[in-house]
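Trainee: Coordinates in input-v1.pdb, PDB, C-alpha atoms, are listed below.
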ATOM      1  CA  MET A   1     109.256 174.580   9.324
ATOM      2  CA  LYS A   2     109.460 177.626   7.062
ATOM      3  CA  ARG A   3     110.059 175.400   4.040
ATOM      4  CA  PHE A   4     106.980 173.311   4.895
ATOM      5  CA  LYS A   5     104.809 176.438   5.152
ATOM      6  CA  THR A   6     106.096 177.688   1.796
ATOM      7  CA  ILE A   7     105.303 174.360   0.125
ATOM      8  CA  LYS A   8     101.876 174.240   1.776
ATOM      9  CA  LYS A   9     101.102 177.777   0.606
ATOM     10  CA  LEU A  10     102.158 177.002  -2.972
ATOM     11  CA  MET A  11     100.215 173.735  -3.012
ATOM     12  CA  HIS A  12      97.149 175.575  -1.696
ATOM     13  CA  SER A  13      97.355 178.084  -4.534
ATOM     14  CA  LEU A  14      97.787 175.236  -7.047
ATOM     15  CA  ASN A  15      94.601 173.529  -5.832
ATOM     16  CA  TYR A  16      92.489 176.591  -6.672
ATOM     17  CA  ASP A  17      94.158 177.113 -10.004
ATOM     18  CA  LEU A  18      93.637 173.634 -11.464
ATOM     19  CA  PHE A  19      91.704 175.001 -14.408
ATOM     20  CA  ARG A  20      94.304 177.512 -15.591
ATOM     21  CA  ARG A  21      96.160 177.008 -18.820
ATOM     22  CA  GLU A  22      99.047 174.510 -18.777
ATOM     23  CA  LYS A  23     101.789 177.162 -19.205
ATOM     24  CA  GLU A  24     100.587 179.004 -16.128
ATOM     25  CA  ILE A  25     100.493 175.745 -14.158
ATOM     26  CA  GLU A  26     104.067 174.930 -15.230
ATOM     27  CA  LEU A  27     105.170 178.292 -13.872
ATOM     28  CA  SER A  28     103.492 177.542 -10.541
ATOM     29  CA  VAL A  29     105.233 174.165 -10.343
ATOM     30  CA  GLN A  30     108.558 175.865 -11.055
ATOM     31  CA  GLU A  31     107.834 178.232  -8.160
ATOM     32  CA  LEU A  32     107.345 175.153  -6.012
ATOM     33  CA  SER A  33     110.848 173.813  -6.569
ATOM     34  CA  LEU A  34     112.929 175.176  -3.724
ATOM     35  CA  PRO A  35     116.718 175.478  -3.641
ATOM     36  CA  THR A  36     118.457 172.401  -2.341
ATOM     37  CA  ARG A  37     120.653 172.620   0.705
ATOM     38  CA  THR A  38     124.247 171.550   0.460
ATOM     39  CA  ILE A  39     125.426 169.639   3.484
ATOM     40  CA  PRO A  40     129.160 169.964   4.050
ATOM     41  CA  GLU A  41     130.983 166.690   4.238
ATOM     42  CA  PRO A  42     132.610 165.908   7.604
ATOM     43  CA  PRO A  43     136.396 165.801   7.711
ATOM     44  CA  LYS A  44     137.772 162.387   6.903
ATOM     45  CA  ALA A  45     139.447 160.791   9.892
ATOM     46  CA  ASN A  46     141.512 157.672   9.810
ATOM     47  CA  LEU A  47     138.967 155.619  11.758
ATOM     48  CA  PRO A  48     138.867 151.829  11.610
ATOM     49  CA  SER A  49     136.320 150.176   9.370
ATOM     50  CA  ILE A  50     133.386 148.212  10.802
ATOM     51  CA  GLU A  51     135.256 144.968  10.076
ATOM     52  CA  GLU A  52     138.237 146.268  12.056
ATOM     53  CA  LEU A  53     135.892 147.172  14.937
ATOM     54  CA  TYR A  54     134.612 143.564  14.965
ATOM     55  CA  LEU A  55     138.221 142.327  15.073
ATOM     56  CA  LEU A  56     138.910 144.719  17.968
ATOM     57  CA  PHE A  57     135.814 143.391  19.755
ATOM     58  CA  ASP A  58     137.067 139.810  19.342
ATOM     59  CA  LYS A  59     140.579 140.752  20.532
ATOM     60  CA  ILE A  60     139.232 142.447  23.686
ATOM     61  CA  ASN A  61     136.781 139.603  24.285
ATOM     62  CA  ILE A  62     139.571 137.011  24.174
ATOM     63  CA  THR A  63     142.109 139.093  26.128
ATOM     64  CA  TYR A  64     139.949 140.379  28.978
ATOM     65  CA  PHE A  65     136.741 138.296  29.044
ATOM     66  CA  ASP A  66     137.985 134.774  28.136
ATOM     67  CA  ASN A  67     135.824 134.964  24.986
ATOM     68  CA  LYS A  68     132.650 134.682  27.109
ATOM     69  CA  LEU A  69     130.843 137.820  25.925
ATOM     70  CA  PRO A  70     128.119 137.289  23.336
ATOM     71  CA  GLN A  71     128.688 138.868  19.945
ATOM     72  CA  ALA A  72     127.193 142.355  19.571
ATOM     73  CA  LYS A  73     126.342 144.313  16.476
ATOM     74  CA  ILE A  74     128.704 147.286  16.012
ATOM     75  CA  GLU A  75     128.072 150.459  14.049
ATOM     76  CA  TYR A  76     129.195 154.059  13.791
ATOM     77  CA  SER A  77     126.865 156.904  14.703
ATOM     78  CA  THR A  78     127.169 160.303  13.063
ATOM     79  CA  ARG A  79     124.706 161.912  15.505
ATOM     80  CA  MET A  80     126.150 160.949  18.898
ATOM     81  CA  THR A  81     128.373 163.412  20.733
ATOM     82  CA  ASN A  82     129.413 161.073  23.541
ATOM     83  CA  ALA A  83     132.053 158.391  22.897
ATOM     84  CA  GLY A  84     129.778 155.376  22.554
ATOM     85  CA  SER A  85     126.693 153.532  23.763
ATOM     86  CA  TYR A  86     125.377 150.021  24.271
ATOM     87  CA  THR A  87     121.718 149.073  23.734
ATOM     88  CA  PRO A  88     121.009 145.717  25.431
ATOM     89  CA  ALA A  89     117.666 145.102  23.703
ATOM     90  CA  LEU A  90     119.339 145.313  20.285
ATOM     91  CA  LYS A  91     122.742 143.981  21.424
ATOM     92  CA  LEU A  92     124.170 147.020  19.662
ATOM     93  CA  ILE A  93     127.366 148.968  20.330
ATOM     94  CA  LYS A  94     127.428 152.400  18.721
ATOM     95  CA  ILE A  95     130.706 154.254  18.300
ATOM     96  CA  SER A  96     130.523 158.020  17.783
ATOM     97  CA  LYS A  97     132.227 159.275  14.635
ATOM     98  CA  LYS A  98     132.189 162.905  15.834
ATOM     99  CA  TYR A  99     133.922 162.058  19.107
ATOM    100  CA  HIS A 100     136.507 159.734  17.572
ATOM    101  CA  GLU A 101     137.382 162.124  14.758
ATOM    102  CA  ILE A 102     138.597 164.387  17.569
ATOM    103  CA  PHE A 103     140.026 161.582  19.748
ATOM    104  CA  PRO A 104     140.929 158.734  17.330
ATOM    105  CA  ASP A 105     143.195 157.003  19.870
ATOM    106  CA  ASP A 106     140.258 156.405  22.239
ATOM    107  CA  ILE A 107     138.435 153.830  20.097
ATOM    108  CA  GLU A 108     139.842 150.819  21.955
ATOM    109  CA  ASP A 109     139.062 152.439  25.308
ATOM    110  CA  THR A 110     135.494 153.168  24.186
ATOM    111  CA  MET A 111     135.071 149.604  22.927
ATOM    112  CA  LYS A 112     136.255 148.181  26.287
ATOM    113  CA  HIS A 113     133.864 150.495  28.137
ATOM    114  CA  GLU A 114     130.875 149.498  26.002
ATOM    115  CA  MET A 115     131.762 145.807  26.271
ATOM    116  CA  ILE A 116     131.593 146.058  30.069
ATOM    117  CA  HIS A 117     128.026 147.312  29.601
ATOM    118  CA  ILE A 118     127.163 143.911  28.138
ATOM    119  CA  ILE A 119     127.729 142.472  31.632
ATOM    120  CA  HIS A 120     126.912 145.494  33.836
ATOM    121  CA  PHE A 121     124.444 147.927  32.301
ATOM    122  CA  TYR A 122     124.762 150.649  34.945
ATOM    123  CA  HIS A 123     127.892 152.474  36.104
ATOM    124  CA  ASN A 124     127.647 150.803  39.510
ATOM    125  CA  ALA A 125     130.367 149.382  41.770
ATOM    126  CA  GLU A 126     130.684 146.160  39.720
ATOM    127  CA  PHE A 127     131.085 148.179  36.520
ATOM    128  CA  LYS A 128     133.809 150.349  38.095
ATOM    129  CA  LYS A 129     135.600 147.267  39.441
ATOM    130  CA  GLU A 130     135.565 145.646  35.988
ATOM    131  CA  ALA A 131     136.746 148.914  34.360
ATOM    132  CA  ALA A 132     139.681 149.089  36.778
ATOM    133  CA  ARG A 133     140.522 145.424  36.072
ATOM    134  CA  ILE A 134     140.780 145.860  32.299
ATOM    135  CA  GLY A 135     142.115 149.431  32.431
ATOM    136  CA  THR A 136     139.413 151.539  30.821
ATOM    137  CA  THR A 137     138.072 154.969  31.645
ATOM    138  CA  LEU A 138     134.648 155.685  33.083
ATOM    139  CA  LYS A 139     133.991 158.993  31.307
ATOM    140  CA  ALA A 140     134.678 160.385  27.866
ATOM    141  CA  LYS A 141     136.866 163.440  27.378
ATOM    142  CA  PRO A 142     135.071 166.772  27.055
ATOM    143  CA  HIS A 143     135.519 168.938  23.981
ATOM    144  CA  PRO A 144     133.824 172.266  23.126
ATOM    145  CA  SER A 145     132.717 171.143  19.668
ATOM    146  CA  LEU A 146     130.833 168.174  21.177
ATOM    147  CA  ARG A 147     128.605 170.355  23.368
ATOM    148  CA  ARG A 148     125.173 171.162  22.012
ATOM    149  CA  LYS A 149     123.902 174.704  22.303
ATOM    150  CA  ALA A 150     121.110 175.155  24.833
ATOM    151  CA  LYS A 151     117.675 175.625  23.283
ATOM    152  CA  TYR A 152     116.149 177.241  26.357
ATOM    153  CA  LEU A 153     117.450 179.550  29.061
ATOM    154  CA  TYR A 154     115.712 179.665  32.448
ATOM    155  CA  LEU A 155     116.298 182.128  35.279
ATOM    156  CA  CYS A 156     115.662 181.791  39.023
ATOM    157  CA  PRO A 157     113.580 184.737  40.279
ATOM    158  CA  GLY A 158     115.355 184.578  43.654
ATOM    159  CA  CYS A 159     119.114 184.266  43.061
ATOM    160  CA  LYS A 160     119.071 185.067  39.294
ATOM    161  CA  LYS A 161     121.013 181.875  38.516
ATOM    162  CA  GLU A 162     120.782 180.825  34.855
ATOM    163  CA  TYR A 163     119.805 177.295  33.806
ATOM    164  CA  PRO A 164     120.529 176.533  30.116
ATOM    165  CA  ARG A 165     118.584 173.458  29.001
ATOM    166  CA  GLN A 166     118.054 171.309  25.889
ATOM    167  CA  LYS A 167     114.467 170.416  26.778
ATOM    168  CA  ARG A 168     111.620 172.585  27.921
ATOM    169  CA  LEU A 169     110.975 172.504  31.673
ATOM    170  CA  ARG A 170     107.442 172.290  33.056
ATOM    171  CA  MET A 171     107.618 172.221  36.865
ATOM    172  CA  ALA A 172     111.154 173.090  37.931
ATOM    173  CA  SER A 173     112.452 175.255  40.722
ATOM    174  CA  CYS A 174     115.945 176.536  41.538
ATOM    175  CA  GLY A 175     118.119 173.917  43.205
ATOM    176  CA  SER A 176     120.062 176.559  45.146
ATOM    177  CA  CYS A 177     117.067 178.466  46.556
ATOM    178  CA  SER A 178     114.605 175.639  47.196
ATOM    179  CA  ASP A 179     114.842 172.289  48.951
ATOM    180  CA  LYS A 180     116.609 170.141  46.346
ATOM    181  CA  SER A 181     114.186 167.227  46.640
ATOM    182  CA  LYS A 182     110.955 169.255  46.430
ATOM    183  CA  TYR A 183     109.416 171.677  43.982
ATOM    184  CA  ASP A 184     109.061 175.204  45.404
ATOM    185  CA  ASN A 185     106.649 177.515  43.575
ATOM    186  CA  ARG A 186     108.382 180.616  45.014
ATOM    187  CA  PHE A 187     111.515 179.776  43.022
ATOM    188  CA  LYS A 188     109.883 178.434  39.860
ATOM    189  CA  LEU A 189     112.305 178.845  36.934
ATOM    190  CA  LYS A 190     111.172 181.430  34.385
ATOM    191  CA  LEU A 191     111.803 180.990  30.669
ATOM    192  CA  VAL A 192     114.005 183.908  29.601
ATOM    193  CA  LYS A 193     114.600 183.047  25.931
ATOM    194  CA  LYS A 194     114.352 180.228  23.439
TER     195      LYS A 194
END
Would you encode the structure as structure tokens?
Mentor:
Amino acid sequence: MKRFKTIKKLMHSLNYDLFRREKEIELSVQELSLPTRTIPEPPKANLPSIEELYLLFDKINITYFDNKLPQAKIEYSTRMTNAGSYTPALKLIKISKKYHEIFPDDIEDTMKHEMIHIIHFYHNAEFKKEAARIGTTLKAKPHPSLRRKAKYLYLCPGCKKEYPRQKRLRMASCGSCSDKSKYDNRFKLKLVKK
């Protein structure tokens, strides 16, 4: 946001100074060029290629599903912090690079889990039964580096319990002090800090 304001300010000054001499304008344009950010490269893990993930999909499909699952598109995600996801509308399985750089041996387990989602979208009883049948886990392993820092911190005025959250809350009350199913204005969570 700060970079945008700086650019906007410099562009604003350039608009008023269109009739200055060319040398002065060149100096203003040089002021406009901001330093570039260097993004550190993530550590290289020995993760399978996309082609190898497709082969793993086919192997699991033949072994556990009698080759009856429809083909899905498979890709890595550099943003996800959970192990994987399946999007039915796109028929897309995403495998998290961040998670599997920490737990590289869990790729097959993640693939099995996401393939069950092709049949059972929710983690209901049928999903759990299928997971037990093929021997896959229901939850990914936790790791401190995969947790995102909370953007907001809320405090209950009654019991002083803290609620760290990623998203801003509008109408939320303390679950310990109020009836859990209803909003209670007496225990409305107060924003302590962003």
Trainee: Could you tell me which of A:Lys188, A:Lys59, A:His100, A:Arg133 comes closest to Ala172 in chain A if we count all atoms listed in the file?
Mentor: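 Under the stated criterion, the closest residue is A:Lys188.
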Trainee: I'd like the neighbourhood of Pro164 in chain A as a short mmCIF file (atom, residue, chain, number, x, y, z; two decimals) with C-alpha atoms, in the coordinates of the input, where a residue qualifies if any of its atoms comes within 12 Å (using all atoms listed in the file), though same-chain residues fewer than 2 positions away should be ignored.
Mentor:
data_model
loop_
_atom_site.label_atom_id
_atom_site.label_comp_id
_atom_site.auth_asym_id
_atom_site.auth_seq_id
_atom_site.Cartn_x
_atom_site.Cartn_y
_atom_site.Cartn_z
CA ARG A 148 125.17 171.16 22.01
CA LYS A 149 123.90 174.70 22.30
CA ALA A 150 121.11 175.16 24.83
CA LYS A 151 117.68 175.62 23.28
CA TYR A 152 116.15 177.24 26.36
CA LEU A 153 117.45 179.55 29.06
CA TYR A 154 115.71 179.66 32.45
CA LEU A 155 116.30 182.13 35.28
CA CYS A 156 115.66 181.79 39.02
CA LYS A 161 121.01 181.88 38.52
CA GLU A 162 120.78 180.82 34.85
CA GLN A 166 118.05 171.31 25.89
CA LYS A 167 114.47 170.42 26.78
CA ARG A 168 111.62 172.58 27.92
CA LEU A 169 110.98 172.50 31.67
CA LEU A 189 112.30 178.84 36.93
CA LYS A 190 111.17 181.43 34.38
CA LEU A 191 111.80 180.99 30.67
CA VAL A 192 114.00 183.91 29.60
CA LYS A 193 114.60 183.05 25.93
CA LYS A 194 114.35 180.23 23.44
#
Trainee: When the PyMOL selection byres ((chain A and resi 65) around 12) is applied to the structure above, which residues does it catch, written out as number ranges by chain?
Mentor: A: 57-64, 66-70, 112, 115-116, 118-119, 130-131, 133-134
Trainee: Could those residues be written to a file, using C-alpha atoms, as an mmCIF file, in the coordinates of the input?
Mentor:
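Contents of result.cif, as written:
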data_model
loop_
_atom_site.group_PDB
_atom_site.id
_atom_site.type_symbol
_atom_site.label_atom_id
_atom_site.label_comp_id
_atom_site.auth_asym_id
_atom_site.auth_seq_id
_atom_site.Cartn_x
_atom_site.Cartn_y
_atom_site.Cartn_z
ATOM 1 C CA PHE A 57 135.814 143.391 19.755
ATOM 2 C CA ASP A 58 137.067 139.810 19.342
ATOM 3 C CA LYS A 59 140.579 140.752 20.532
ATOM 4 C CA ILE A 60 139.232 142.447 23.686
ATOM 5 C CA ASN A 61 136.781 139.603 24.285
ATOM 6 C CA ILE A 62 139.571 137.011 24.174
ATOM 7 C CA THR A 63 142.109 139.093 26.128
ATOM 8 C CA TYR A 64 139.949 140.379 28.978
ATOM 9 C CA ASP A 66 137.985 134.774 28.136
ATOM 10 C CA ASN A 67 135.824 134.964 24.986
ATOM 11 C CA LYS A 68 132.650 134.682 27.109
ATOM 12 C CA LEU A 69 130.843 137.820 25.925
ATOM 13 C CA PRO A 70 128.119 137.289 23.336
ATOM 14 C CA LYS A 112 136.255 148.181 26.287
ATOM 15 C CA MET A 115 131.762 145.807 26.271
ATOM 16 C CA ILE A 116 131.593 146.058 30.069
ATOM 17 C CA ILE A 118 127.163 143.911 28.138
ATOM 18 C CA ILE A 119 127.729 142.472 31.632
ATOM 19 C CA GLU A 130 135.565 145.646 35.988
ATOM 20 C CA ALA A 131 136.746 148.914 34.360
ATOM 21 C CA ARG A 133 140.522 145.424 36.072
ATOM 22 C CA ILE A 134 140.780 145.860 32.299
#
Trainee: Let me make sure I understand: among A:Lys97, A:Lys160, A:Lys128, A:His143, which one has the smallest atom-to-atom distance to His113 in chain A if we use only C-alpha atoms?
Mentor: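 Of A:Lys97, A:Lys160, A:Lys128, A:His143, the one nearest His113 in chain A, counting only C-alpha atoms, is A:Lys128.
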Trainee: Calculate how many Å separate CA of Arg170 in chain A from CA of Pro142 in chain A, rounding to one decimal.
Mentor: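 One can read the CA of Arg170 in chain A to CA of Pro142 in chain A distance as 28.8 Å.
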Trainee: Determine the nearest neighbour of Arg147 in chain A from the options A:His120, A:Lys98, A:Lys129, A:Lys182, counting all atoms listed in the file.
Mentor: A:Lys98
Trainee: Applying 6 Å and all atoms listed in the file, which residues near range 77-87 of chain A remain after dropping the ones on its own chain fewer than 4 positions away? List them as a VMD selection string.
Mentor: chain A and resid 91 to 97 99 114 140 146
Trainee: Using all atoms listed in the file, find the one residue out of A:Arg165, A:Met111, A:Asp106, A:Gly158 that sits nearest to Tyr54 in chain A.
Mentor: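 So, comparing all the options, the nearest one is A:Met111.
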Trainee: I need the residue nearest Lys73 in chain A from this list: A:Glu51, A:Asp179, A:Glu101, A:Asp109. Use all atoms listed in the file for the distance.
Mentor: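 Closest to Lys73 in chain A of all the choices is A:Glu51.
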